[in-house]
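Novice: Attaching a single structure in C-alpha cells format; questions to follow.
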Amino acid sequence: MSESSAGEWLSGNPPALEAARLALEDLAARRIPERIRERDHTVWRPDPREISNRLGWLDAGDFLRPHLQDLNAFCADIRSEGYRDVVLLGMGGSCLGPEVLRRSFGHVEGHPRLTVLDSTVPEQVSSVAASIDPAKTLFIVSSKSGGTIETLSYYRFFRELVEAAIEDGTAGRNFVAITDAGTPLERLGNETGFRRVFLNPEEIGGRYSVLSWFGMLPAALAGIDVPRLLDSAATMRDQCLGDDPEANPGLRLGALLGAMTLAGKDKATLVTPPPIDSFGLWVEQMIAESLGKEGRGIVPVAGEPLLAPEAYGNDRLFVYMRPVGSNDTDHAIDRLASAGHPVMRIDIDDCHGLGSEFFRWEYATAVAGSMLDVHPFDQPDVQGAKDNTDGLLEAFHRDGKLPDRAASGSLTALLQQAGPGDYLAITPYIPMDEETDSLICDIRARVMQKYWLATTSGYGPRYLHSTGQLHKGGPGSGLFLQLTMGSHRELSIPGQEYGFDVLAKAQAIGDYQALSNLGRRLITVDLGDDIKAGLRRLIDQV
C-alpha cells in the first residue's frame with residue numbers, strides 16, 4: 001500500500017503503513033468491496049434498519065442524469081428573469097457540500113451569486129439579508145426531514161422580506177424546496193406557491209447527499225458544470241465498485257483511516273490548500289457524524305494551521321489533498337513524513353475533481369465504519385442537544401427568558417486537564433468573518449505548540465449537525481471550549497415568540513447541557529461585546 005496509480009501515495013511511518021496494508025488484505029478477504037457493491041447491510045449490522053434504505057449514494061448521482069436537460073432549462077429561466085442571488089437556507093448535510101463548491105469555484109460570471117446560510121446567530125442572518133435584493137433572490141429551502149428548526153426559521157424570516165418587496169401575491173416564486181417526499185416542507189412548498197419542490201430519493205441520507213439535488217441544484221444555479229462533477233464522481237464510483245481491490249481508491253483510504261484509528265492515530269488531519277481549502281467542512285461531518293459513536297470514532301481535523309513536525313503528537317494521520325500545480329505545501333508535508341507521521345497524498349486535477357473526492361470519502365467512511373464496528377448511517381447522539389434546545393424554548397415561552405448560561409471558565413485550567421490523545425474542540429456561537437477565523441486559528445496554533453493537542457473548530461449551530469455527534473458519542477478525548485458573545489441584536493422570527501438571538505442562545509446552552517451530562521470536560525467563555533478583543537485575550541491565556 002505504498003504506491004498507487006490513482007494519483008495518491010503513502011509515506012512516513014513504515015509500521016503504520018504496514019498495518020494499513022494488512023487491513024486492506026483483510027477487507028479483501030472478507031469481500032467487503034463486493035458486499036458493499038451488493039448493498040449487503042451485514043457489512044455493518046445484522047439489522048438492516050437505517051442501512052438498506054441509506055445506500056442510494058452508491059449510485060453517485062445517476063438518478064440526476066435524466067433530469068439534466070430540465071435542470072439546465074430551470075437555471076436558464078432563473079437567469080433570464082434577472083435573479084442576481086441564490087441563497088441556500090439549510091443546515092448540516094443539506095448545505096456543507098454546496099458551501100465547499102461555492103468556495104472552491106468562486107462566483108461564475110453571468111450566473112447568480114450563491115450564498116449559504118447555516119447560522120442562527122442574528123448578525124449572520126441580518127448580514128445575508130443586507131447583502132441581497134429580496135425581490136431578485138431565489139431562496140432554496142433545503143431539508144431532508146423537512147422539519148429542521150433552523151431552516152424553517154430562515155424561511156419565515158426571508159418569506160416576510162420577499163412579501164414586503166413583492167406585493168402582487170407571487171412571492172412564493174422566489175422559493176424552491178429540496179426535501180424528501182411526504183415531508184412538512186413538501187407540503188409547505190405546495191401550499192404556499194413555491195416555484196418548485198425538488199424531491200430527493202429517500203434512500204440517500206443527509207450527509208451523503210452532495211451528489212443529489214441537495215448539492216447539484218445550488219451548484220447548477222451558481223453556474224458550476226454539474227455534468228462534469230457527476231462524471232468525475234461516476235469515474236470514482238466505477239473504481240470503487242469494480243472487481244480489483246488494489247484499484248479501489250475508496251477502499252485504500254478507508255483501510256488507512258480504520259487501521260490508523262485502531263493503532264491510536266485517530267486524528268485524521270486534512271491538509272487542503274486553495275482553492276479546495278474548504279473541503280474539510282464537508283469531510284468533518286462525513287467522518288464525525290458517521291463514525292463518532294459507541295465511545296469510538298475518528299476525529300477529523302480540518303482548517304488547522306500547518307506547523308513544524310514537533311507541534312504534533314503521535315496520534316496523527318495526515319491526508320494531503322493537493323491541487324495539481326499547487327506546490328507551496330509540499331515541503332511542509334515532506335517534513336511531516338520525514339519525522340515519522342503517516343501521510344497520504346491525493347492529487348486533484350481541478351475543482352471538478354471534487355466530484356470524485358465526495359464519492360471517495362463517502363465510500364472510505366463506510367469502509368472504516370465496518371472496521372471500527374460502528375453504524376455509519378445513523379446519528380444517535382445528535383437528538384439530545386435538539387431536545388435540550390426544544391426544552392429551553394419551551395422555558396422561554398413559559399418564563400419569558402432563558403435560564404442563565406454556565407459560568408465562564410479558565411482556558412488555562414481546561415488545557416491543563418489534557419492528556420495524550422486528547423483534542424481541543426472550539427465551538428464559537430459568534431458571527432463568522434475572516435478576522436475571526438484568523439484569531440481562532442491563532443488560538444489553535446498556540447495550543448498545538450504548547451500542549452501538542454489536535455484542535456478542531458466549528459461554528460455553532462453548524463457543528464451540532466456535524467461534529468456534534470462525535471463530541472457526544474465518540475471517545476471521551478475532547479476538551480470543549482464554547483465561545484459566546486455578550487449580546488446580540490434580536491432579530492424576530494415571524495410566527496414565533498422567540499427570535500434568532502434566543503434560538504442561538506438556546507442551542508448553545510442545550511449543547512453545553514448535553515456535553516455536561518456526559519461528563520465531558522468543557523467551559524464556556526463569554527467574549528463580551530467586542531468579540532475580536534475577547535479572542536485576543538484568549539490567545540494570551542494559552
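As shown in the C-alpha cells, the chain order sets the letters A, B, ...; within each chain, residues go from 1, and ligands are also counted from 1 in the order they appear.
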I want to know what sits within 7 Å of segment 159-175 of chain A, based on only C-alpha atoms, with residues of the same chain fewer than 6 positions away left out; could you give that as a ChimeraX atom specification?

Specialist: /A:134-135,137-140,192-195

Novice: Compile the contact shell of Met91 of chain A as a ChimeraX atom specification: residues with an atom at most 10 Å away, counting only C-alpha atoms, same-chain residues fewer than 5 positions apart removed.

Specialist: /A:96,116-120,142-143,148-151,206,461-466

Novice: Since we have the selection now, will you write its residues out, keeping N, CA and C atoms, as a PDB file, in the first residue's frame?

Specialist:
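Saved result, result_9.pdb, follows:
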```pdb
ATOM      1  N   LEU A  96     -23.418  21.736   3.508  1.00  0.00           N
ATOM      2  CA  LEU A  96     -21.957  21.776   3.594  1.00  0.00           C
ATOM      3  C   LEU A  96     -21.304  21.472   2.248  1.00  0.00           C
ATOM      4  N   VAL A 116     -24.633  30.680   1.215  1.00  0.00           N
ATOM      5  CA  VAL A 116     -25.149  29.611   2.068  1.00  0.00           C
ATOM      6  C   VAL A 116     -25.335  30.164   3.470  1.00  0.00           C
ATOM      7  N   LEU A 117     -26.536  30.033   3.994  1.00  0.00           N
ATOM      8  CA  LEU A 117     -26.826  30.473   5.363  1.00  0.00           C
ATOM      9  C   LEU A 117     -27.071  29.245   6.223  1.00  0.00           C
ATOM     10  N   ASP A 118     -26.191  29.026   7.206  1.00  0.00           N
ATOM     11  CA  ASP A 118     -26.382  27.913   8.148  1.00  0.00           C
ATOM     12  C   ASP A 118     -25.969  28.340   9.550  1.00  0.00           C
ATOM     13  N   SER A 119     -26.359  29.554   9.916  1.00  0.00           N
ATOM     14  CA  SER A 119     -26.094  30.066  11.262  1.00  0.00           C
ATOM     15  C   SER A 119     -27.339  30.777  11.766  1.00  0.00           C
ATOM     16  N   THR A 120     -27.682  30.528  13.039  1.00  0.00           N
ATOM     17  CA  THR A 120     -28.809  31.241  13.649  1.00  0.00           C
ATOM     18  C   THR A 120     -28.367  32.492  14.392  1.00  0.00           C
ATOM     19  N   SER A 142     -33.818  23.984   2.126  1.00  0.00           N
ATOM     20  CA  SER A 142     -33.231  22.668   1.929  1.00  0.00           C
ATOM     21  C   SER A 142     -33.224  21.877   3.231  1.00  0.00           C
ATOM     22  N   SER A 143     -33.971  20.772   3.263  1.00  0.00           N
ATOM     23  CA  SER A 143     -34.025  19.933   4.462  1.00  0.00           C
ATOM     24  C   SER A 143     -34.555  18.553   4.098  1.00  0.00           C
ATOM     25  N   THR A 148     -36.451  20.842   9.943  1.00  0.00           N
ATOM     26  CA  THR A 148     -35.304  21.390  10.660  1.00  0.00           C
ATOM     27  C   THR A 148     -35.617  22.787  11.172  1.00  0.00           C
ATOM     28  N   ILE A 149     -35.449  23.005  12.477  1.00  0.00           N
ATOM     29  CA  ILE A 149     -35.888  24.261  13.088  1.00  0.00           C
ATOM     30  C   ILE A 149     -35.143  25.459  12.517  1.00  0.00           C
ATOM     31  N   GLU A 150     -33.837  25.307  12.282  1.00  0.00           N
ATOM     32  CA  GLU A 150     -33.076  26.430  11.744  1.00  0.00           C
ATOM     33  C   GLU A 150     -33.561  26.798  10.342  1.00  0.00           C
ATOM     34  N   THR A 151     -33.722  25.788   9.496  1.00  0.00           N
ATOM     35  CA  THR A 151     -34.111  26.040   8.106  1.00  0.00           C
ATOM     36  C   THR A 151     -35.481  26.697   8.022  1.00  0.00           C
ATOM     37  N   GLY A 206     -28.717  12.464   4.635  1.00  0.00           N
ATOM     38  CA  GLY A 206     -28.371  13.872   4.523  1.00  0.00           C
ATOM     39  C   GLY A 206     -26.908  14.128   4.231  1.00  0.00           C
ATOM     40  N   PRO A 461     -24.696  27.153  15.109  1.00  0.00           N
ATOM     41  CA  PRO A 461     -25.064  25.762  15.405  1.00  0.00           C
ATOM     42  C   PRO A 461     -24.647  24.763  14.335  1.00  0.00           C
ATOM     43  N   ARG A 462     -23.847  25.201  13.349  1.00  0.00           N
ATOM     44  CA  ARG A 462     -23.473  24.298  12.250  1.00  0.00           C
ATOM     45  C   ARG A 462     -22.891  22.990  12.778  1.00  0.00           C
ATOM     46  N   TYR A 463     -21.994  23.078  13.767  1.00  0.00           N
ATOM     47  CA  TYR A 463     -21.298  21.879  14.205  1.00  0.00           C
ATOM     48  C   TYR A 463     -22.229  20.878  14.895  1.00  0.00           C
ATOM     49  N   LEU A 464     -23.383  21.351  15.400  1.00  0.00           N
ATOM     50  CA  LEU A 464     -24.320  20.422  16.037  1.00  0.00           C
ATOM     51  C   LEU A 464     -24.776  19.348  15.061  1.00  0.00           C
ATOM     52  N   HIS A 465     -24.808  19.684  13.776  1.00  0.00           N
ATOM     53  CA  HIS A 465     -25.228  18.749  12.731  1.00  0.00           C
ATOM     54  C   HIS A 465     -24.017  18.132  12.041  1.00  0.00           C
ATOM     55  N   SER A 466     -22.847  18.275  12.637  1.00  0.00           N
ATOM     56  CA  SER A 466     -21.619  17.792  12.024  1.00  0.00           C
ATOM     57  C   SER A 466     -20.788  17.059  13.070  1.00  0.00           C
TER      58      SER A 466
END
```

Novice: Write out as a ChimeraX atom specification the residues lying within 12 Å of Ile204 of chain A, counting only C-alpha atoms and excluding same-chain residues fewer than 5 positions away.

Specialist: /A:50-61,63,93-94,144-145,179-180,199,209-214,362,377-378

Novice: Excluding Glu34 of chain A and residues on its chain fewer than 5 positions from it, collect all residues at most 9 Å away from it, counting only C-alpha atoms, and give them as an NGL selection string.

Specialist: :A and (28 or 39-40 or 241-243)

Novice: Could you save the residues just selected, with C-alpha atoms, as a JSON list (two decimals), in the first residue's frame?

Specialist:
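Now in out-v6.json:
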```json
[["chain", "number", "residue", "atom", "x", "y", "z"],
["A", 28, "ALA", "CA", -10.49, -8.00, 0.53],
["A", 39, "ARG", "CA", -25.63, -3.46, -0.77],
["A", 40, "ASP", "CA", -25.26, -6.08, 1.91],
["A", 241, "LEU", "CA", -17.31, -0.78, -7.15],
["A", 242, "GLY", "CA", -15.01, -2.68, -9.51],
["A", 243, "ASP", "CA", -13.58, -6.16, -9.04]]
```

Novice: I need the residue nearest Met432 of chain A from this list: A:Gly460, A:Gly468, A:Gly250, A:Gly419. Use only C-alpha atoms for the distance.

Specialist: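 Closest to Met432 of chain A of all the choices is A:Gly460.
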
Novice: Determine which residues of segment 6-211 of chain A DSSP labels as strand (DSSP E or B) from the backbone of this structure, then write them out as a ChimeraX atom specification.

Specialist: /A:8-11,85-89,113-117,137-142,175-180,196-200

Novice: Residues at most 9 Å from Phe157 of chain A, counting only C-alpha atoms, excluding those fewer than 3 positions away in the same chain, as a list in words?

Specialist: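 The filter keeps Leu152, Ser153, Tyr154, Glu160, Leu161, Leu491, Ser492, Ile493 and Pro494 of chain A.
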
Novice: Could you list, as an MDAnalysis selection string, every residue within 8 Å of Glu490 of chain A, counting only C-alpha atoms and ignoring same-chain residues fewer than 3 positions away?

Specialist: chainID A and resid 122 499:502

Novice: Name the residues of segment 160-326 of chain A that fall into alpha helix (DSSP H) according to DSSP on the backbone, using the chain letters and numbers of this document, as a PyMOL selection string.

Specialist: chain A and resi 160-165+184-191+213-221+226-240+249-262+279-291

Novice: Go ahead and compute the interatomic distance for atom CA of Leu229 of chain A and atom CA of Phe358 of chain A, in Å to one decimal.

Specialist: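 The value is 9.7 Å.
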
Novice: List as an MDAnalysis selection string the protein and nucleic acid residues near Gly369 of chain A, meaning an atom at most 8 Å away when only C-alpha atoms are counted, but skip any in the same chain fewer than 3 places from it.

Specialist: chainID A and resid 44 258 290:291 365:366 372:376

Novice: Just to be explicit: take each residue in the selection above, keep all heavy atoms, and write the result as an mmCIF file, in the first residue's frame.

Specialist:
```cif
data_model
loop_
_atom_site.group_PDB
_atom_site.id
_atom_site.type_symbol
_atom_site.label_atom_id
_atom_site.label_comp_id
_atom_site.auth_asym_id
_atom_site.auth_seq_id
_atom_site.Cartn_x
_atom_site.Cartn_y
_atom_site.Cartn_z
ATOM 1 N N TRP A 44 -22.147 -3.964 8.066
ATOM 2 C CA TRP A 44 -22.139 -3.110 9.254
ATOM 3 C C TRP A 44 -22.951 -3.682 10.410
ATOM 4 O O TRP A 44 -22.506 -3.640 11.550
ATOM 5 C CB TRP A 44 -22.658 -1.717 8.876
ATOM 6 C CG TRP A 44 -21.848 -1.096 7.805
ATOM 7 C CD1 TRP A 44 -20.618 -0.501 7.932
ATOM 8 C CD2 TRP A 44 -22.170 -1.044 6.401
ATOM 9 N NE1 TRP A 44 -20.152 -0.081 6.718
ATOM 10 C CE2 TRP A 44 -21.085 -0.389 5.754
ATOM 11 C CE3 TRP A 44 -23.249 -1.475 5.641
ATOM 12 C CZ2 TRP A 44 -21.066 -0.163 4.385
ATOM 13 C CZ3 TRP A 44 -23.239 -1.251 4.272
ATOM 14 C CH2 TRP A 44 -22.164 -0.600 3.654
ATOM 15 N N GLY A 258 -9.226 3.395 8.998
ATOM 16 C CA GLY A 258 -9.558 2.426 10.032
ATOM 17 C C GLY A 258 -8.335 1.892 10.740
ATOM 18 O O GLY A 258 -8.297 1.802 11.978
ATOM 19 N N SER A 290 -20.662 10.137 11.016
ATOM 20 C CA SER A 290 -20.817 8.743 10.612
ATOM 21 C C SER A 290 -20.146 7.775 11.581
ATOM 22 O O SER A 290 -20.651 6.676 11.814
ATOM 23 C CB SER A 290 -20.239 8.526 9.205
ATOM 24 O OG SER A 290 -20.930 9.290 8.239
ATOM 25 N N LEU A 291 -19.007 8.172 12.143
ATOM 26 C CA LEU A 291 -18.177 7.216 12.877
ATOM 27 C C LEU A 291 -18.014 7.519 14.356
ATOM 28 O O LEU A 291 -17.454 6.690 15.081
ATOM 29 C CB LEU A 291 -16.784 7.138 12.220
ATOM 30 C CG LEU A 291 -16.763 6.780 10.728
ATOM 31 C CD1 LEU A 291 -15.335 6.746 10.210
ATOM 32 C CD2 LEU A 291 -17.465 5.461 10.463
ATOM 33 N N THR A 365 -15.477 6.226 4.296
ATOM 34 C CA THR A 365 -16.116 6.313 5.610
ATOM 35 C C THR A 365 -16.925 5.060 5.891
ATOM 36 O O THR A 365 -16.907 4.519 7.013
ATOM 37 C CB THR A 365 -17.009 7.563 5.673
ATOM 38 O OG1 THR A 365 -16.203 8.726 5.484
ATOM 39 C CG2 THR A 365 -17.721 7.669 7.014
ATOM 40 N N ALA A 366 -17.644 4.571 4.888
ATOM 41 C CA ALA A 366 -18.411 3.337 5.061
ATOM 42 C C ALA A 366 -17.484 2.161 5.350
ATOM 43 O O ALA A 366 -17.779 1.309 6.204
ATOM 44 C CB ALA A 366 -19.256 3.072 3.817
ATOM 45 N N LEU A 372 -14.302 -0.336 12.329
ATOM 46 C CA LEU A 372 -14.439 0.131 13.706
ATOM 47 C C LEU A 372 -15.681 -0.431 14.391
ATOM 48 O O LEU A 372 -15.914 -0.158 15.569
ATOM 49 C CB LEU A 372 -14.496 1.662 13.735
ATOM 50 C CG LEU A 372 -13.290 2.392 13.149
ATOM 51 C CD1 LEU A 372 -13.494 3.898 13.232
ATOM 52 C CD2 LEU A 372 -12.003 1.986 13.837
ATOM 53 N N ASP A 373 -16.485 -1.186 13.643
ATOM 54 C CA ASP A 373 -17.727 -1.760 14.152
ATOM 55 C C ASP A 373 -18.689 -0.679 14.635
ATOM 56 O O ASP A 373 -19.236 -0.749 15.733
ATOM 57 C CB ASP A 373 -17.446 -2.760 15.274
ATOM 58 C CG ASP A 373 -18.696 -3.579 15.638
ATOM 59 O OD1 ASP A 373 -19.575 -3.741 14.769
ATOM 60 O OD2 ASP A 373 -18.795 -4.026 16.805
ATOM 61 N N VAL A 374 -18.899 0.329 13.790
ATOM 62 C CA VAL A 374 -19.902 1.347 14.070
ATOM 63 C C VAL A 374 -20.841 1.457 12.870
ATOM 64 O O VAL A 374 -20.466 1.147 11.741
ATOM 65 C CB VAL A 374 -19.292 2.735 14.390
ATOM 66 C CG1 VAL A 374 -18.461 2.675 15.652
ATOM 67 C CG2 VAL A 374 -18.462 3.263 13.234
ATOM 68 N N HIS A 375 -22.036 1.904 13.133
ATOM 69 C CA HIS A 375 -23.087 2.081 12.126
ATOM 70 C C HIS A 375 -22.865 3.451 11.479
ATOM 71 O O HIS A 375 -23.051 4.482 12.126
ATOM 72 C CB HIS A 375 -24.432 2.029 12.833
ATOM 73 C CG HIS A 375 -25.633 2.051 11.935
ATOM 74 N ND1 HIS A 375 -25.702 2.788 10.765
ATOM 75 C CD2 HIS A 375 -26.836 1.430 12.048
ATOM 76 C CE1 HIS A 375 -26.882 2.623 10.214
ATOM 77 N NE2 HIS A 375 -27.583 1.792 10.962
ATOM 78 N N PRO A 376 -22.472 3.510 10.202
ATOM 79 C CA PRO A 376 -22.103 4.803 9.616
ATOM 80 C C PRO A 376 -23.254 5.634 9.066
ATOM 81 O O PRO A 376 -23.017 6.717 8.534
ATOM 82 C CB PRO A 376 -21.162 4.405 8.476
ATOM 83 C CG PRO A 376 -21.644 3.058 8.056
ATOM 84 C CD PRO A 376 -22.174 2.389 9.294
#
```
